[in-house]
Amino acid sequence: MTTDQDFEIFVVTAPGLEAALCAELQAAGFRDPTPGLGGVTIRGGWPEVWRANLTIRGAVRVLARVAAFRALHLAQLDKRARKVAWSELLRPDVPFRVEASCKASRIYHAGAAAQRIERAIREELGAPVSKEAEICIKARIDDDLCTISVDTSGESLHKRNHKDAVHKAPMRETMASLFLRQCGYDGTEPVVDPMCGSGTFVIEAAEIAIGLQPGRSRSFAFEQLASLDPAAWQELRGAGGGATAGPASPAIRFHGSDRDAGAIAMSRANAARAGVADLTEFRHHAVSDLTPPDGPPGLVIVNPPYGGRIGEKKPLHPLYQALGQTLLARFSGWRVGIVTTDAALAQSTGLPFETPAAPVLNGGLRVTLHRTGPLP
Ligand SMILES: C[S@@+](CC[C@H](N)C(=O)[O-])C[C@H]1O[C@@H](n2cnc3c(N)ncnc32)[C@H](O)[C@@H]1O
């Protein structure tokens, strides 16, 4: 592999959101996006890798598939791993680590496989191995085929680096952005979250409206790779890091409320750090006191408390009922998206939901987005 060749790029997302991520990649002009389990494959070179990390809101991480070869035993793995052009990929002065997995293969010991590849890279390139290294090489051995990828993101991309303060059970930014997309949000309508916690939906919606790049305030693992072209990367990063003239009319605002005063303080602080304080309004009140903002209707999107264990759900039905009643009484013309773990809780709202979206795995829980068309 050389740096000017195209290769496969796997953009990871939460299982269940592959189609939504695929639509985002397509809209952003990436070539041949193909959904698979847990992500979407695109083709491209390093500039596409950098751009996906910087601009794709639904991407959790971006893996560059740099080599693939058959390996029937550990000695062969060692020999073939040494033939990869590591010097085009890794820097001899930057620590790295290897993670391996084995499935339906003659090589079945993932730890031994990782150790062989680590040793091969260390001896061929001279780069140090460290368990804490940000640079992670992932080797997947499936049906005796070893696929080698480099994780080009580092920390999960939901960490936009604007959220110091998190309320309990925050929604990940990557998921929030794809739920907004699944609700048909395109940055041109107001958004209301009446149980906003740390403000994730409201802040994502405002950023989308003014075209802020999700990765503008963070660093990425690829900045430490030998394949980086610093000038080209700086040019890309500079091309839209600040607020651009986005599609939103200045009249459109993004609104959050919560009955928890601490949550409202956090939302305001997070919005200020993200640079969208002027576009967002956060109020401290319960959902029953919610009224629509002045102006055209838009989207209400919310993830109410789920109640983790059996027995904790029952007391939540009145809360979902209150949410539904308030929206039906006061939000005529607005669409609604509710993210919850439990279809019965969603039904308690009495809202006219369409067929739900595919369930999404979120930290061991299955959450589902329930959507309505414009309310009567
Ligand atoms: C699962 S959290 C929402 C997390 C949020 N999406 C985020 O990203 O941080 C649910 C929120 O509902 C709020 N809440 C619970 N009952 C409420 C009520 N009756 N009125 C308004 N907010 C309420 C809680 O304070 C909590 O912040």
# chains A, B, ... in the order shown; residues from 1 in each chain; ligands from 1
>>> residues_near_ligand(ligand="ligand 1", cutoff="8 Å", atoms="only C-alpha atoms and all ligand atoms", output="ChimeraX atom specification")
/A:166-173,176,193-201,257-260,263,285-288,302-306,319,322
>>> select_by_dssp(residues="segment 147-342 of chain A", states="strand (DSSP E or B)", output="ChimeraX atom specification")
/A:147-151,191-193,254-258,280-284,299-302,335-340
>>> write_last_selection(atoms="C-alpha atoms", output="compact mmCIF listing (two decimals), in the first residue's frame")
# COMPACT_ATOMS: atom_id res chain seq x y z
CA THR A 147 -7.09 -7.92 7.60
CA ILE A 148 -4.98 -5.15 9.07
CA SER A 149 -6.48 -1.75 9.81
CA VAL A 150 -5.22 1.29 11.58
CA ASP A 151 -7.58 3.19 13.84
CA VAL A 191 -35.52 21.92 17.36
CA VAL A 192 -36.87 21.48 20.89
CA ASP A 193 -35.66 18.96 23.49
CA PHE A 254 -32.62 25.58 19.25
CA HIS A 255 -34.33 25.06 22.58
CA GLY A 256 -33.68 22.81 25.54
CA SER A 257 -35.44 22.51 28.86
CA ASP A 258 -35.15 20.18 31.83
CA THR A 280 -29.53 28.09 21.72
CA GLU A 281 -31.88 28.77 24.63
CA PHE A 282 -32.07 26.60 27.74
CA ARG A 283 -34.85 26.92 30.33
CA HIS A 284 -35.39 25.30 33.68
CA LEU A 299 -38.84 18.98 15.40
CA VAL A 300 -39.23 17.91 19.03
CA ILE A 301 -36.61 15.28 19.85
CA VAL A 302 -36.13 13.79 23.28
CA ARG A 335 -42.82 16.34 14.23
CA VAL A 336 -41.70 14.30 17.24
CA GLY A 337 -38.83 11.83 17.76
CA ILE A 338 -38.62 9.90 21.04
CA VAL A 339 -35.67 7.64 21.84
CA THR A 340 -36.45 5.01 24.45
>>> closest_residue(among="A:Ser267, A:Ser101, A:Gln325, A:Thr55", to="Gly29 of chain A", atoms="only C-alpha atoms")
A:Thr55
>>> closest_residue(among="A:Lys313, A:Arg43, A:His370, A:Arg122", to="Arg31 of chain A", atoms="only C-alpha atoms")
A:Arg43
>>> atom_distance(atom1="atom CA of Gly307 of chain A", atom2="atom CA of Ser348 of chain A")
14.5 Å
>>> closest_residue(among="A:Pro315, A:Gly211, A:Pro47, A:Pro33", to="Ala231 of chain A", atoms="only C-alpha atoms")
A:Pro47
>>> closest_residue(among="A:Asn362, A:Arg330, A:Glu118, A:Ser227", to="Val98 of chain A", atoms="only C-alpha atoms")
A:Glu118
>>> select_by_dssp(residues="segment 132-359 of chain A", states="alpha helix (DSSP H)", output="mmCIF file with N, CA and C atoms, in the first residue's frame")
data_model
loop_
_atom_site.group_PDB
_atom_site.id
_atom_site.type_symbol
_atom_site.label_atom_id
_atom_site.label_comp_id
_atom_site.auth_asym_id
_atom_site.auth_seq_id
_atom_site.Cartn_x
_atom_site.Cartn_y
_atom_site.Cartn_z
ATOM 1 N N GLU A 173 -23.000 12.143 21.077
ATOM 2 C CA GLU A 173 -23.199 13.107 19.989
ATOM 3 C C GLU A 173 -23.361 12.411 18.648
ATOM 4 N N THR A 174 -22.574 11.328 18.446
ATOM 5 C CA THR A 174 -22.638 10.606 17.175
ATOM 6 C C THR A 174 -24.051 10.044 16.940
ATOM 7 N N MET A 175 -24.609 9.455 17.991
ATOM 8 C CA MET A 175 -25.976 8.902 17.893
ATOM 9 C C MET A 175 -27.002 10.007 17.745
ATOM 10 N N ALA A 176 -26.833 11.051 18.551
ATOM 11 C CA ALA A 176 -27.798 12.157 18.511
ATOM 12 C C ALA A 176 -27.893 12.713 17.093
ATOM 13 N N SER A 177 -26.738 12.851 16.434
ATOM 14 C CA SER A 177 -26.756 13.442 15.090
ATOM 15 C C SER A 177 -27.489 12.529 14.112
ATOM 16 N N LEU A 178 -27.314 11.208 14.269
ATOM 17 C CA LEU A 178 -27.986 10.293 13.330
ATOM 18 C C LEU A 178 -29.475 10.170 13.649
ATOM 19 N N PHE A 179 -29.852 10.282 14.922
ATOM 20 C CA PHE A 179 -31.293 10.306 15.238
ATOM 21 C C PHE A 179 -31.926 11.578 14.654
ATOM 22 N N LEU A 180 -31.218 12.688 14.733
ATOM 23 C CA LEU A 180 -31.736 13.924 14.112
ATOM 24 C C LEU A 180 -31.939 13.695 12.610
ATOM 25 N N ARG A 181 -30.962 13.074 11.981
ATOM 26 C CA ARG A 181 -31.057 12.798 10.537
ATOM 27 C C ARG A 181 -32.234 11.876 10.247
ATOM 28 N N GLN A 182 -32.411 10.831 11.077
ATOM 29 C CA GLN A 182 -33.532 9.897 10.856
ATOM 30 C C GLN A 182 -34.878 10.585 11.036
ATOM 31 N N THR A 200 -27.302 17.638 24.428
ATOM 32 C CA THR A 200 -26.669 17.049 23.243
ATOM 33 C C THR A 200 -27.461 17.290 21.952
ATOM 34 N N PHE A 201 -28.771 16.976 21.957
ATOM 35 C CA PHE A 201 -29.562 17.139 20.719
ATOM 36 C C PHE A 201 -29.571 18.600 20.273
ATOM 37 N N VAL A 202 -29.752 19.493 21.240
ATOM 38 C CA VAL A 202 -29.909 20.917 20.916
ATOM 39 C C VAL A 202 -28.601 21.465 20.321
ATOM 40 N N ILE A 203 -27.485 21.076 20.920
ATOM 41 C CA ILE A 203 -26.183 21.584 20.465
ATOM 42 C C ILE A 203 -25.827 20.983 19.102
ATOM 43 N N GLU A 204 -26.069 19.683 18.924
ATOM 44 C CA GLU A 204 -25.808 19.069 17.614
ATOM 45 C C GLU A 204 -26.640 19.752 16.530
ATOM 46 N N ALA A 205 -27.928 19.971 16.840
ATOM 47 C CA ALA A 205 -28.821 20.587 15.842
ATOM 48 C C ALA A 205 -28.325 21.984 15.464
ATOM 49 N N ALA A 206 -27.879 22.757 16.459
ATOM 50 C CA ALA A 206 -27.402 24.125 16.176
ATOM 51 C C ALA A 206 -26.120 24.076 15.344
ATOM 52 N N GLU A 207 -25.229 23.146 15.680
ATOM 53 C CA GLU A 207 -23.971 23.027 14.911
ATOM 54 C C GLU A 207 -24.257 22.664 13.454
ATOM 55 N N ILE A 208 -25.204 21.741 13.268
ATOM 56 C CA ILE A 208 -25.557 21.333 11.898
ATOM 57 C C ILE A 208 -26.097 22.539 11.130
ATOM 58 N N ALA A 209 -26.927 23.313 11.815
ATOM 59 C CA ALA A 209 -27.577 24.449 11.145
ATOM 60 C C ALA A 209 -26.568 25.460 10.625
ATOM 61 N N PRO A 230 0.955 17.297 6.468
ATOM 62 C CA PRO A 230 0.500 18.361 7.377
ATOM 63 C C PRO A 230 -0.128 19.556 6.649
ATOM 64 N N ALA A 231 0.436 19.924 5.497
ATOM 65 C CA ALA A 231 -0.088 21.104 4.789
ATOM 66 C C ALA A 231 -1.503 20.821 4.271
ATOM 67 N N ALA A 232 -1.688 19.631 3.685
ATOM 68 C CA ALA A 232 -3.010 19.286 3.143
ATOM 69 C C ALA A 232 -4.031 19.178 4.279
ATOM 70 N N TRP A 233 -3.612 18.634 5.402
ATOM 71 C CA TRP A 233 -4.516 18.495 6.553
ATOM 72 C C TRP A 233 -4.890 19.873 7.115
ATOM 73 N N GLN A 234 -3.910 20.758 7.217
ATOM 74 C CA GLN A 234 -4.210 22.102 7.730
ATOM 75 C C GLN A 234 -5.197 22.821 6.814
ATOM 76 N N GLU A 235 -5.005 22.609 5.513
ATOM 77 C CA GLU A 235 -5.894 23.264 4.556
ATOM 78 C C GLU A 235 -7.326 22.759 4.734
ATOM 79 N N LEU A 236 -7.460 21.433 4.901
ATOM 80 C CA LEU A 236 -8.787 20.834 5.084
ATOM 81 C C LEU A 236 -9.416 21.328 6.378
ATOM 82 N N ARG A 237 -8.633 21.323 7.434
ATOM 83 C CA ARG A 237 -9.132 21.721 8.750
ATOM 84 C C ARG A 237 -9.537 23.198 8.738
ATOM 85 N N GLY A 238 -8.748 24.005 8.044
ATOM 86 C CA GLY A 238 -9.049 25.436 7.999
ATOM 87 C C GLY A 238 -10.238 25.744 7.122
ATOM 88 N N ALA A 261 -32.108 21.863 37.453
ATOM 89 C CA ALA A 261 -31.393 23.129 37.242
ATOM 90 C C ALA A 261 -29.935 22.875 36.859
ATOM 91 N N GLY A 262 -29.339 21.832 37.422
ATOM 92 C CA GLY A 262 -27.939 21.508 37.113
ATOM 93 C C GLY A 262 -27.773 21.162 35.641
ATOM 94 N N ALA A 263 -28.759 20.442 35.099
ATOM 95 C CA ALA A 263 -28.697 20.065 33.684
ATOM 96 C C ALA A 263 -28.708 21.325 32.810
ATOM 97 N N ILE A 264 -29.513 22.283 33.182
ATOM 98 C CA ILE A 264 -29.603 23.516 32.374
ATOM 99 C C ILE A 264 -28.280 24.285 32.415
ATOM 100 N N ALA A 265 -27.676 24.353 33.598
ATOM 101 C CA ALA A 265 -26.374 25.035 33.709
ATOM 102 C C ALA A 265 -25.340 24.330 32.827
ATOM 103 N N MET A 266 -25.369 22.982 32.834
ATOM 104 C CA MET A 266 -24.413 22.223 32.007
ATOM 105 C C MET A 266 -24.663 22.468 30.528
ATOM 106 N N SER A 267 -25.919 22.438 30.144
ATOM 107 C CA SER A 267 -26.251 22.646 28.724
ATOM 108 C C SER A 267 -25.732 23.999 28.255
ATOM 109 N N ARG A 268 -25.946 25.036 29.086
ATOM 110 C CA ARG A 268 -25.484 26.376 28.685
ATOM 111 C C ARG A 268 -23.972 26.400 28.546
ATOM 112 N N ALA A 269 -23.277 25.777 29.510
ATOM 113 C CA ALA A 269 -21.806 25.761 29.455
ATOM 114 C C ALA A 269 -21.334 24.989 28.217
ATOM 115 N N ASN A 270 -21.985 23.868 27.932
ATOM 116 C CA ASN A 270 -21.579 23.053 26.776
ATOM 117 C C ASN A 270 -21.847 23.799 25.468
ATOM 118 N N ALA A 271 -22.969 24.490 25.399
ATOM 119 C CA ALA A 271 -23.299 25.252 24.182
ATOM 120 C C ALA A 271 -22.288 26.379 23.979
ATOM 121 N N ALA A 272 -21.879 27.018 25.080
ATOM 122 C CA ALA A 272 -20.907 28.117 24.959
ATOM 123 C C ALA A 272 -19.580 27.564 24.443
ATOM 124 N N ARG A 273 -19.151 26.427 24.979
ATOM 125 C CA ARG A 273 -17.877 25.840 24.532
ATOM 126 C C ARG A 273 -17.944 25.431 23.063
ATOM 127 N N ALA A 274 -19.125 25.008 22.637
ATOM 128 C CA ALA A 274 -19.279 24.589 21.234
ATOM 129 C C ALA A 274 -19.449 25.784 20.295
ATOM 130 N N HIS A 317 -44.477 5.738 33.322
ATOM 131 C CA HIS A 317 -45.606 5.904 32.390
ATOM 132 C C HIS A 317 -46.271 7.282 32.516
ATOM 133 N N PRO A 318 -46.511 7.772 33.754
ATOM 134 C CA PRO A 318 -47.129 9.114 33.846
ATOM 135 C C PRO A 318 -46.273 10.211 33.205
ATOM 136 N N LEU A 319 -44.947 10.063 33.283
ATOM 137 C CA LEU A 319 -44.058 11.075 32.667
ATOM 138 C C LEU A 319 -44.223 11.059 31.138
ATOM 139 N N TYR A 320 -44.243 9.874 30.544
ATOM 140 C CA TYR A 320 -44.423 9.753 29.097
ATOM 141 C C TYR A 320 -45.815 10.259 28.697
ATOM 142 N N GLN A 321 -46.812 9.959 29.557
ATOM 143 C CA GLN A 321 -48.172 10.455 29.278
ATOM 144 C C GLN A 321 -48.192 11.985 29.266
ATOM 145 N N ALA A 322 -47.537 12.572 30.275
ATOM 146 C CA ALA A 322 -47.518 14.046 30.368
ATOM 147 C C ALA A 322 -46.829 14.637 29.148
ATOM 148 N N LEU A 323 -45.736 13.997 28.714
ATOM 149 C CA LEU A 323 -45.009 14.474 27.524
ATOM 150 C C LEU A 323 -45.937 14.438 26.306
ATOM 151 N N GLY A 324 -46.611 13.298 26.104
ATOM 152 C CA GLY A 324 -47.494 13.144 24.946
ATOM 153 C C GLY A 324 -48.637 14.150 24.977
ATOM 154 N N GLN A 325 -49.246 14.304 26.145
ATOM 155 C CA GLN A 325 -50.392 15.237 26.254
ATOM 156 C C GLN A 325 -49.959 16.665 25.930
ATOM 157 N N THR A 326 -48.818 17.059 26.459
ATOM 158 C CA THR A 326 -48.332 18.424 26.221
ATOM 159 C C THR A 326 -48.082 18.637 24.727
ATOM 160 N N LEU A 327 -47.447 17.661 24.097
ATOM 161 C CA LEU A 327 -47.116 17.825 22.676
ATOM 162 C C LEU A 327 -48.385 17.836 21.824
ATOM 163 N N LEU A 328 -49.335 16.935 22.143
ATOM 164 C CA LEU A 328 -50.568 16.882 21.344
ATOM 165 C C LEU A 328 -51.387 18.160 21.519
ATOM 166 N N ALA A 329 -51.355 18.729 22.721
ATOM 167 C CA ALA A 329 -52.176 19.922 22.975
ATOM 168 C C ALA A 329 -51.554 21.179 22.386
ATOM 169 N N ARG A 330 -50.208 21.265 22.365
ATOM 170 C CA ARG A 330 -49.575 22.568 22.067
ATOM 171 C C ARG A 330 -48.658 22.577 20.842
ATOM 172 N N ALA A 343 -41.030 -0.015 24.131
ATOM 173 C CA ALA A 343 -42.121 0.379 23.238
ATOM 174 C C ALA A 343 -43.370 0.757 24.035
ATOM 175 N N ALA A 344 -43.601 0.086 25.180
ATOM 176 C CA ALA A 344 -44.800 0.386 25.976
ATOM 177 C C ALA A 344 -44.722 1.805 26.542
ATOM 178 N N LEU A 345 -43.520 2.232 26.929
ATOM 179 C CA LEU A 345 -43.367 3.619 27.416
ATOM 180 C C LEU A 345 -43.674 4.597 26.283
ATOM 181 N N ALA A 346 -43.144 4.297 25.096
ATOM 182 C CA ALA A 346 -43.411 5.185 23.948
ATOM 183 C C ALA A 346 -44.921 5.250 23.686
ATOM 184 N N GLN A 347 -45.598 4.101 23.758
ATOM 185 C CA GLN A 347 -47.047 4.074 23.499
ATOM 186 C C GLN A 347 -47.810 4.898 24.532
ATOM 187 N N SER A 348 -47.274 4.993 25.745
ATOM 188 C CA SER A 348 -47.944 5.777 26.792
ATOM 189 C C SER A 348 -48.090 7.249 26.432
#
